[in-house]
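To be precise, the following lines are query.pdb, and they hold PDB, C-alpha atoms, pLDDT in the B column.
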```pdb
ATOM      1  CA  MET L  10    -234.264-126.477  44.397  1.00 60.00           C
ATOM      2  CA  GLY L  11    -232.005-123.542  43.604  1.00 87.00           C
ATOM      3  CA  ILE L  12    -228.486-123.105  44.857  1.00 96.00           C
ATOM      4  CA  THR L  13    -227.246-121.605  48.115  1.00 98.00           C
ATOM      5  CA  VAL L  14    -225.113-118.465  47.917  1.00 98.00           C
ATOM      6  CA  GLY L  15    -223.145-117.205  50.893  1.00 98.00           C
ATOM      7  CA  PHE L  16    -222.474-113.552  51.653  1.00 98.00           C
ATOM      8  CA  ASP L  17    -220.154-111.785  54.048  1.00 98.00           C
ATOM      9  CA  LEU L  18    -221.787-109.018  56.082  1.00 98.00           C
ATOM     10  CA  ASP L  19    -219.557-106.011  56.908  1.00 98.00           C
ATOM     11  CA  MET L  20    -218.660-103.983  53.805  1.00 98.00           C
ATOM     12  CA  THR L  21    -220.284-106.611  51.582  1.00 98.00           C
ATOM     13  CA  LEU L  22    -223.970-106.289  52.488  1.00 98.00           C
ATOM     14  CA  ILE L  23    -223.785-103.468  55.041  1.00 98.00           C
ATOM     15  CA  ASP L  24    -221.699-100.409  55.882  1.00 98.00           C
ATOM     16  CA  PRO L  25    -221.332-100.225  59.682  1.00 98.00           C
ATOM     17  CA  ARG L  26    -218.281 -97.949  59.699  1.00 98.00           C
ATOM     18  CA  PRO L  27    -219.666 -94.848  61.498  1.00 98.00           C
ATOM     19  CA  GLY L  28    -221.022 -96.993  64.297  1.00 98.00           C
ATOM     20  CA  MET L  29    -217.844 -99.042  64.483  1.00 98.00           C
ATOM     21  CA  VAL L  30    -215.827 -95.849  64.976  1.00 98.00           C
ATOM     22  CA  ALA L  31    -218.165 -94.766  67.762  1.00 98.00           C
ATOM     23  CA  ALA L  32    -218.195 -98.149  69.500  1.00 98.00           C
ATOM     24  CA  MET L  33    -214.442 -98.678  69.426  1.00 98.00           C
ATOM     25  CA  ASN L  34    -213.741 -95.143  70.600  1.00 98.00           C
ATOM     26  CA  ALA L  35    -216.279 -95.527  73.410  1.00 98.00           C
ATOM     27  CA  LEU L  36    -214.585 -98.750  74.452  1.00 98.00           C
ATOM     28  CA  GLY L  37    -211.251 -96.937  74.441  1.00 97.00           C
ATOM     29  CA  VAL L  38    -212.577 -94.191  76.718  1.00 98.00           C
ATOM     30  CA  GLU L  39    -214.119 -96.716  79.109  1.00 97.00           C
ATOM     31  CA  SER L  40    -211.066 -98.942  79.233  1.00 97.00           C
ATOM     32  CA  GLY L  41    -208.399 -96.261  79.246  1.00 97.00           C
ATOM     33  CA  LEU L  42    -206.718 -97.926  76.254  1.00 97.00           C
ATOM     34  CA  ALA L  43    -205.541 -96.303  73.015  1.00 95.00           C
ATOM     35  CA  LEU L  44    -208.147 -97.852  70.705  1.00 97.00           C
ATOM     36  CA  ASP L  45    -208.414 -96.226  67.273  1.00 97.00           C
ATOM     37  CA  GLY L  46    -211.972 -96.342  65.973  1.00 97.00           C
ATOM     38  CA  GLU L  47    -211.105 -94.816  62.595  1.00 97.00           C
ATOM     39  CA  HIS L  48    -208.394 -97.387  61.919  1.00 96.00           C
ATOM     40  CA  PHE L  49    -210.669-100.206  63.072  1.00 97.00           C
ATOM     41  CA  ALA L  50    -213.540 -99.136  60.826  1.00 97.00           C
ATOM     42  CA  ALA L  51    -211.258 -98.731  57.808  1.00 96.00           C
ATOM     43  CA  ASN L  52    -209.986-102.312  58.139  1.00 94.00           C
ATOM     44  CA  LEU L  53    -213.040-104.398  59.006  1.00 95.00           C
ATOM     45  CA  GLY L  54    -212.755-108.153  58.625  1.00 92.00           C
ATOM     46  CA  PRO L  55    -210.483-109.831  61.173  1.00 93.00           C
ATOM     47  CA  PRO L  56    -211.885-111.013  64.529  1.00 94.00           C
ATOM     48  CA  LEU L  57    -212.255-108.432  67.276  1.00 96.00           C
ATOM     49  CA  ASP L  58    -209.769-110.122  69.602  1.00 95.00           C
ATOM     50  CA  ASP L  59    -207.106-109.916  66.881  1.00 95.00           C
ATOM     51  CA  ILE L  60    -207.908-106.234  66.348  1.00 96.00           C
ATOM     52  CA  LEU L  61    -207.529-105.557  70.064  1.00 97.00           C
ATOM     53  CA  ARG L  62    -204.173-107.332  70.091  1.00 96.00           C
ATOM     54  CA  GLY L  63    -203.126-105.065  67.243  1.00 95.00           C
ATOM     55  CA  PHE L  64    -203.977-102.100  69.481  1.00 96.00           C
ATOM     56  CA  GLU L  65    -201.712-103.682  72.123  1.00 95.00           C
ATOM     57  CA  ALA L  66    -204.531-104.392  74.575  1.00 97.00           C
ATOM     58  CA  PRO L  67    -203.280-106.605  77.428  1.00 97.00           C
ATOM     59  CA  GLU L  68    -204.102-110.236  76.661  1.00 97.00           C
ATOM     60  CA  GLU L  69    -205.804-110.785  80.012  1.00 98.00           C
ATOM     61  CA  ARG L  70    -208.211-107.905  79.316  1.00 97.00           C
ATOM     62  CA  ILE L  71    -209.248-108.973  75.818  1.00 98.00           C
ATOM     63  CA  PRO L  72    -212.154-111.304  76.756  1.00 97.00           C
ATOM     64  CA  GLY L  73    -213.729-108.563  78.878  1.00 98.00           C
ATOM     65  CA  LEU L  74    -213.191-105.957  76.179  1.00 98.00           C
ATOM     66  CA  VAL L  75    -214.833-108.190  73.576  1.00 98.00           C
ATOM     67  CA  ASP L  76    -217.824-108.731  75.872  1.00 97.00           C
ATOM     68  CA  ARG L  77    -218.171-105.003  76.521  1.00 98.00           C
ATOM     69  CA  PHE L  78    -217.939-104.142  72.814  1.00 98.00           C
ATOM     70  CA  ARG L  79    -220.763-106.588  72.138  1.00 97.00           C
ATOM     71  CA  VAL L  80    -222.893-104.849  74.778  1.00 97.00           C
ATOM     72  CA  LEU L  81    -222.222-101.395  73.317  1.00 98.00           C
ATOM     73  CA  TYR L  82    -222.861-102.608  69.776  1.00 98.00           C
ATOM     74  CA  PRO L  83    -226.684-102.708  69.494  1.00 98.00           C
ATOM     75  CA  GLU L  84    -227.076 -99.098  70.606  1.00 98.00           C
ATOM     76  CA  LEU L  85    -224.079 -97.515  68.924  1.00 98.00           C
ATOM     77  CA  VAL L  86    -223.698 -99.453  65.672  1.00 98.00           C
ATOM     78  CA  VAL L  87    -226.981-101.001  64.521  1.00 98.00           C
ATOM     79  CA  PRO L  88    -229.146 -97.840  64.308  1.00 98.00           C
ATOM     80  CA  ILE L  89    -226.743 -95.945  62.012  1.00 98.00           C
ATOM     81  CA  THR L  90    -225.688 -98.824  59.745  1.00 98.00           C
ATOM     82  CA  VAL L  91    -226.933 -98.814  56.147  1.00 98.00           C
ATOM     83  CA  ALA L  92    -227.188-101.467  53.456  1.00 98.00           C
ATOM     84  CA  LEU L  93    -224.640-101.135  50.669  1.00 98.00           C
ATOM     85  CA  PRO L  94    -225.854-100.466  47.110  1.00 98.00           C
ATOM     86  CA  GLY L  95    -227.259-103.598  45.528  1.00 98.00           C
ATOM     87  CA  ALA L  96    -227.288-105.644  48.744  1.00 98.00           C
ATOM     88  CA  ALA L  97    -231.022-106.181  48.960  1.00 98.00           C
ATOM     89  CA  GLU L  98    -231.257-106.805  45.213  1.00 98.00           C
ATOM     90  CA  ALA L  99    -228.458-109.393  45.312  1.00 98.00           C
ATOM     91  CA  LEU L 100    -230.216-111.357  48.024  1.00 98.00           C
ATOM     92  CA  LYS L 101    -233.534-111.100  46.192  1.00 98.00           C
ATOM     93  CA  ALA L 102    -231.949-112.351  42.953  1.00 97.00           C
ATOM     94  CA  VAL L 103    -230.867-115.573  44.656  1.00 98.00           C
ATOM     95  CA  ARG L 104    -234.221-116.143  46.323  1.00 96.00           C
ATOM     96  CA  ALA L 105    -236.185-115.258  43.170  1.00 96.00           C
ATOM     97  CA  ALA L 106    -234.309-118.065  41.398  1.00 95.00           C
ATOM     98  CA  GLY L 107    -235.393-120.522  44.081  1.00 96.00           C
ATOM     99  CA  GLY L 108    -232.079-120.355  45.910  1.00 97.00           C
ATOM    100  CA  ARG L 109    -231.148-119.788  49.521  1.00 98.00           C
ATOM    101  CA  THR L 110    -229.128-116.962  51.033  1.00 98.00           C
ATOM    102  CA  LEU L 111    -226.570-117.580  53.747  1.00 98.00           C
ATOM    103  CA  VAL L 112    -224.623-114.951  55.693  1.00 98.00           C
ATOM    104  CA  VAL L 113    -221.301-116.141  57.096  1.00 98.00           C
ATOM    105  CA  THR L 114    -219.552-113.447  59.100  1.00 98.00           C
ATOM    106  CA  GLY L 115    -216.798-112.976  61.618  1.00 96.00           C
ATOM    107  CA  LYS L 116    -219.199-110.818  63.629  1.00 96.00           C
ATOM    108  CA  TYR L 117    -220.887-111.987  66.841  1.00 97.00           C
ATOM    109  CA  GLY L 118    -223.991-113.783  65.572  1.00 97.00           C
ATOM    110  CA  PRO L 119    -226.685-112.038  67.663  1.00 98.00           C
ATOM    111  CA  ASN L 120    -225.420-108.607  66.639  1.00 98.00           C
ATOM    112  CA  ALA L 121    -225.177-109.681  63.006  1.00 98.00           C
ATOM    113  CA  ARG L 122    -228.805-110.768  63.168  1.00 98.00           C
ATOM    114  CA  LEU L 123    -229.809-107.368  64.555  1.00 98.00           C
ATOM    115  CA  HIS L 124    -228.436-105.782  61.372  1.00 98.00           C
ATOM    116  CA  VAL L 125    -230.265-108.208  59.104  1.00 98.00           C
ATOM    117  CA  GLU L 126    -233.544-107.579  60.921  1.00 98.00           C
ATOM    118  CA  ALA L 127    -233.112-103.796  61.148  1.00 98.00           C
ATOM    119  CA  LEU L 128    -232.460-103.504  57.411  1.00 98.00           C
ATOM    120  CA  GLY L 129    -235.031-106.099  56.340  1.00 98.00           C
ATOM    121  CA  LEU L 130    -232.480-108.168  54.434  1.00 98.00           C
ATOM    122  CA  GLU L 131    -233.794-111.470  53.040  1.00 95.00           C
ATOM    123  CA  VAL L 132    -231.410-113.953  54.651  1.00 98.00           C
ATOM    124  CA  ASP L 133    -232.316-117.621  55.123  1.00 98.00           C
ATOM    125  CA  GLU L 134    -229.416-118.648  57.373  1.00 98.00           C
ATOM    126  CA  LEU L 135    -226.825-116.742  59.383  1.00 98.00           C
ATOM    127  CA  VAL L 136    -223.618-118.057  60.939  1.00 98.00           C
ATOM    128  CA  GLY L 137    -221.364-115.804  63.009  1.00 97.00           C
ATOM    129  CA  GLU L 138    -217.854-115.805  64.451  1.00 97.00           C
ATOM    130  CA  LEU L 139    -216.119-117.461  61.492  1.00 97.00           C
ATOM    131  CA  TRP L 140    -213.173-115.796  59.777  1.00 97.00           C
ATOM    132  CA  SER L 141    -211.163-116.536  56.637  1.00 97.00           C
ATOM    133  CA  THR L 142    -210.820-120.283  55.954  1.00 98.00           C
ATOM    134  CA  GLN L 143    -212.999-121.040  59.007  1.00 98.00           C
ATOM    135  CA  LYS L 144    -215.914-119.810  56.904  1.00 98.00           C
ATOM    136  CA  ALA L 145    -215.541-122.927  54.769  1.00 98.00           C
ATOM    137  CA  VAL L 146    -217.083-124.960  57.599  1.00 98.00           C
ATOM    138  CA  ALA L 147    -220.436-123.191  57.270  1.00 98.00           C
ATOM    139  CA  LEU L 148    -220.225-122.906  53.492  1.00 98.00           C
ATOM    140  CA  LYS L 149    -219.728-126.654  53.156  1.00 98.00           C
ATOM    141  CA  GLU L 150    -222.421-127.454  55.713  1.00 98.00           C
ATOM    142  CA  HIS L 151    -224.961-125.454  53.703  1.00 98.00           C
ATOM    143  CA  ASP L 152    -223.570-126.593  50.331  1.00 97.00           C
ATOM    144  CA  ALA L 153    -222.943-123.038  49.167  1.00 98.00           C
ATOM    145  CA  ARG L 154    -221.957-122.843  45.516  1.00 98.00           C
ATOM    146  CA  ALA L 155    -220.597-119.297  45.762  1.00 98.00           C
ATOM    147  CA  TYR L 156    -219.454-116.955  48.496  1.00 98.00           C
ATOM    148  CA  VAL L 157    -219.447-113.175  48.136  1.00 98.00           C
ATOM    149  CA  GLY L 158    -217.153-110.978  50.202  1.00 98.00           C
ATOM    150  CA  ASP L 159    -215.004-107.860  50.278  1.00 98.00           C
ATOM    151  CA  HIS L 160    -211.923-109.195  52.059  1.00 97.00           C
ATOM    152  CA  LEU L 161    -209.015-111.485  51.147  1.00 98.00           C
ATOM    153  CA  GLY L 162    -210.183-113.681  54.023  1.00 97.00           C
ATOM    154  CA  ASP L 163    -213.520-114.126  52.235  1.00 98.00           C
ATOM    155  CA  VAL L 164    -211.772-115.292  49.079  1.00 98.00           C
ATOM    156  CA  ARG L 165    -209.768-117.782  51.142  1.00 98.00           C
ATOM    157  CA  GLY L 166    -212.936-119.053  52.792  1.00 98.00           C
ATOM    158  CA  ALA L 167    -214.693-119.553  49.463  1.00 98.00           C
ATOM    159  CA  ARG L 168    -211.740-121.378  47.961  1.00 98.00           C
ATOM    160  CA  ALA L 169    -211.374-123.601  51.031  1.00 98.00           C
ATOM    161  CA  ALA L 170    -215.023-124.576  50.601  1.00 98.00           C
ATOM    162  CA  GLY L 171    -214.695-125.273  46.879  1.00 98.00           C
ATOM    163  CA  ALA L 172    -217.164-122.477  46.149  1.00 98.00           C
ATOM    164  CA  LEU L 173    -216.936-119.725  43.555  1.00 98.00           C
ATOM    165  CA  ALA L 174    -215.075-116.824  45.144  1.00 98.00           C
ATOM    166  CA  VAL L 175    -216.939-113.617  44.334  1.00 98.00           C
ATOM    167  CA  GLY L 176    -215.163-110.441  45.374  1.00 98.00           C
ATOM    168  CA  VAL L 177    -216.727-107.037  45.809  1.00 98.00           C
ATOM    169  CA  ALA L 178    -214.411-104.046  46.058  1.00 98.00           C
ATOM    170  CA  THR L 179    -216.421-102.123  48.641  1.00 98.00           C
ATOM    171  CA  GLY L 180    -214.190-102.856  51.641  1.00 97.00           C
ATOM    172  CA  PRO L 181    -210.501-102.496  52.504  1.00 96.00           C
ATOM    173  CA  CYS L 182    -209.216-104.710  49.663  1.00 97.00           C
ATOM    174  CA  THR L 183    -208.783-103.524  46.100  1.00 97.00           C
ATOM    175  CA  ARG L 184    -209.990-105.298  42.988  1.00 98.00           C
ATOM    176  CA  GLU L 185    -206.385-106.179  42.180  1.00 98.00           C
ATOM    177  CA  GLU L 186    -205.777-107.661  45.627  1.00 98.00           C
ATOM    178  CA  LEU L 187    -208.949-109.766  45.437  1.00 98.00           C
ATOM    179  CA  VAL L 188    -207.996-111.074  41.996  1.00 98.00           C
ATOM    180  CA  ALA L 189    -204.473-111.860  43.152  1.00 98.00           C
ATOM    181  CA  GLU L 190    -205.895-113.821  46.087  1.00 98.00           C
ATOM    182  CA  GLY L 191    -207.892-115.980  43.681  1.00 98.00           C
ATOM    183  CA  ALA L 192    -211.316-114.394  43.310  1.00 98.00           C
ATOM    184  CA  ASP L 193    -213.159-115.834  40.312  1.00 98.00           C
ATOM    185  CA  VAL L 194    -214.939-112.553  39.653  1.00 98.00           C
ATOM    186  CA  VAL L 195    -214.805-109.114  41.271  1.00 98.00           C
ATOM    187  CA  PHE L 196    -217.536-106.474  41.225  1.00 98.00           C
ATOM    188  CA  GLY L 197    -217.270-102.790  41.931  1.00 98.00           C
ATOM    189  CA  SER L 198    -220.491-103.116  43.927  1.00 98.00           C
ATOM    190  CA  LEU L 199    -223.282-105.622  44.445  1.00 98.00           C
ATOM    191  CA  THR L 200    -225.383-103.810  41.856  1.00 98.00           C
ATOM    192  CA  GLU L 201    -223.517-106.006  39.358  1.00 98.00           C
ATOM    193  CA  PHE L 202    -224.425-109.240  41.131  1.00 98.00           C
ATOM    194  CA  PRO L 203    -227.984-109.970  39.838  1.00 98.00           C
ATOM    195  CA  GLY L 204    -226.957-109.871  36.182  1.00 97.00           C
ATOM    196  CA  TRP L 205    -223.901-112.034  36.810  1.00 97.00           C
ATOM    197  CA  PHE L 206    -225.952-114.488  38.864  1.00 97.00           C
ATOM    198  CA  ALA L 207    -228.553-114.840  36.114  1.00 95.00           C
ATOM    199  CA  ARG L 208    -225.842-115.523  33.505  1.00 94.00           C
ATOM    200  CA  THR L 209    -223.866-117.921  35.694  1.00 94.00           C
ATOM    201  CA  PHE L 210    -226.555-120.009  37.350  1.00 92.00           C
TER
END
```
Encoding of this model in structure tokens:
Amino acid sequence: MGITVGFDLDMTLIDPRPGMVAAMNALGVESGLALDGEHFAANLGPPLDDILRGFEAPEERIPGLVDRFRVLYPELVVPITVALPGAAEALKAVRAAGGRTLVVTGKYGPNARLHVEALGLEVDELVGELWSTQKAVALKEHDARAYVGDHLGDVRGARAAGALAVGVATGPCTREELVAEGADVVFGSLTEFPGWFARTF
């Protein structure tokens, strides 16, 4: 049996930013709140309820706003999301070596799965609604040896799980920030992953 490798979703395997802008702005229009889709899409990672608090949404409205965003999501985000360079090849490299691929994301699980299915990504397991060190729960459960992500929260999750922290500088965090947080290796894109994986495992 090969090893299990975990991957983050947004800005690691996929680029959902245009749809995220559209969905957040649509939610702002519907709700009458000053929600900034461009800012949201440029800083993907933290849970949606935390993002809404950052936009000063009233606390009592946040559960309803989260539910509505999840309803808007399949139509506005999924159809215009693309896979990032090297994403499919990275997943295939793990599976070709007899390993298993695991997506652990802060995104709502059913919507995350819609992306995986729409793009034909080869994912064995998917766990949603885990952020930062919470991701260690799923990584440990599936005995992941490495976790790949674009955010400082992903590095923290990998380290909390005792897994190799693999950074990819395709999201809001720079290579230097990922290294400073404790990433064991950082790639400019996932096109570098298959070669590294073959050398490392």
The distance between atom CA of L:Leu18 and atom CA of L:Ala35 is 22.6 Å
Assuming 4 Å of padding per side, give the centre and edge lengths of the axis-aligned box around every listed atom of stretch 72-84 of chain L, in Å to one decimal and as JSON.
```
{"center_x": -219.6, "center_y": -105.2, "center_z": 74.2, "size_x": 22.9, "size_y": 20.2, "size_z": 17.4}
```
### Query
Near L:Ala32, within 12 Å and counting all atoms listed in the file, which residues show up once chain neighbours fewer than 3 positions away are dropped, as a ChimeraX atom specification?
/L:25-29,35-39,44-47,49-50,74-75,77-87,89
inquiry  = Excluding L:Ala121 and its own-chain neighbours fewer than 4 positions away, which residues fall within 10 Å of it when counting all atoms listed in the file? Please give them as a PyMOL selection string.
reply    = chain L and resi 18-19+83+87+112-117+125-126+135-138
Please produce, as JSON lines, a per-residue contact table for stretch 16-95 of chain L versus stretch 184-196 of chain L (criterion: any atom at most 12 Å away, only C-alpha atoms considered), showing the nearest atom pair and its distance in Å to one decimal, sorted by chain then residue number.
```
{"residue": "L:Thr21", "atom": "CA", "partner": "L:Phe196", "partner_atom": "CA", "distance": 10.7}
{"residue": "L:Pro94", "atom": "CA", "partner": "L:Phe196", "partner_atom": "CA", "distance": 11.8}
{"residue": "L:Gly95", "atom": "CA", "partner": "L:Phe196", "partner_atom": "CA", "distance": 11.0}
```
- Task: Name the residues that the PyMOL selection byres ((chain L and resi 131-133) around 6) pulls out of this structure, and write them as a ChimeraX atom specification.
- Result: /L:110-111,130,134
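Among the candidates L:Leu53, L:Ile12, L:Ala172, L:Ala97, the residue lying nearest to L:Trp140 is L:Leu53 (atoms considered: only C-alpha atoms).
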Picked residues, the PyMOL selection byres ((chain L and resi 148) around 8), as a VMD selection string:
chain L and resid 15 113 144 to 147 149 to 153 156 167 170 172
Please complete stretch 189-202 of chain L with N, CA, C and O atoms and give it back as a compact mmCIF listing (two decimals), in the frame of the given file.
```txt
# COMPACT_ATOMS: atom_id res chain seq x y z
N ALA L 189 -205.73 -111.19 42.84
CA ALA L 189 -204.47 -111.86 43.15
C ALA L 189 -204.66 -112.97 44.18
O ALA L 189 -203.93 -113.97 44.15
N GLU L 190 -205.64 -112.80 45.06
CA GLU L 190 -205.90 -113.82 46.09
C GLU L 190 -206.64 -115.02 45.52
O GLU L 190 -206.69 -116.08 46.15
N GLY L 191 -207.23 -114.85 44.32
CA GLY L 191 -207.89 -115.98 43.68
C GLY L 191 -209.37 -115.83 43.46
O GLY L 191 -210.07 -116.81 43.16
N ALA L 192 -209.89 -114.60 43.58
CA ALA L 192 -211.32 -114.39 43.31
C ALA L 192 -211.63 -114.76 41.86
O ALA L 192 -210.89 -114.42 40.94
N ASP L 193 -212.74 -115.44 41.66
CA ASP L 193 -213.16 -115.83 40.31
C ASP L 193 -213.75 -114.67 39.54
O ASP L 193 -213.66 -114.61 38.31
N VAL L 194 -214.37 -113.75 40.26
CA VAL L 194 -214.94 -112.55 39.65
C VAL L 194 -214.94 -111.48 40.73
O VAL L 194 -215.04 -111.79 41.91
N VAL L 195 -214.78 -110.23 40.32
CA VAL L 195 -214.80 -109.11 41.27
C VAL L 195 -215.72 -108.02 40.73
O VAL L 195 -215.60 -107.61 39.57
N PHE L 196 -216.61 -107.55 41.58
CA PHE L 196 -217.54 -106.47 41.22
C PHE L 196 -217.12 -105.18 41.91
O PHE L 196 -216.56 -105.19 43.01
N GLY L 197 -217.46 -104.07 41.28
CA GLY L 197 -217.27 -102.79 41.93
C GLY L 197 -218.27 -102.58 43.05
O GLY L 197 -217.97 -101.93 44.05
N SER L 198 -219.47 -103.13 42.89
CA SER L 198 -220.49 -103.12 43.93
C SER L 198 -221.46 -104.26 43.65
O SER L 198 -221.43 -104.88 42.58
N LEU L 199 -222.32 -104.53 44.61
CA LEU L 199 -223.28 -105.62 44.44
C LEU L 199 -224.37 -105.31 43.43
O LEU L 199 -225.16 -106.20 43.10
N THR L 200 -224.41 -104.09 42.91
CA THR L 200 -225.38 -103.81 41.86
C THR L 200 -225.11 -104.67 40.62
O THR L 200 -226.02 -104.89 39.81
N GLU L 201 -223.87 -105.16 40.49
CA GLU L 201 -223.52 -106.01 39.36
C GLU L 201 -223.87 -107.47 39.57
O GLU L 201 -223.82 -108.26 38.62
N PHE L 202 -224.23 -107.83 40.81
CA PHE L 202 -224.42 -109.24 41.13
C PHE L 202 -225.63 -109.87 40.43
O PHE L 202 -225.50 -110.98 39.89
```
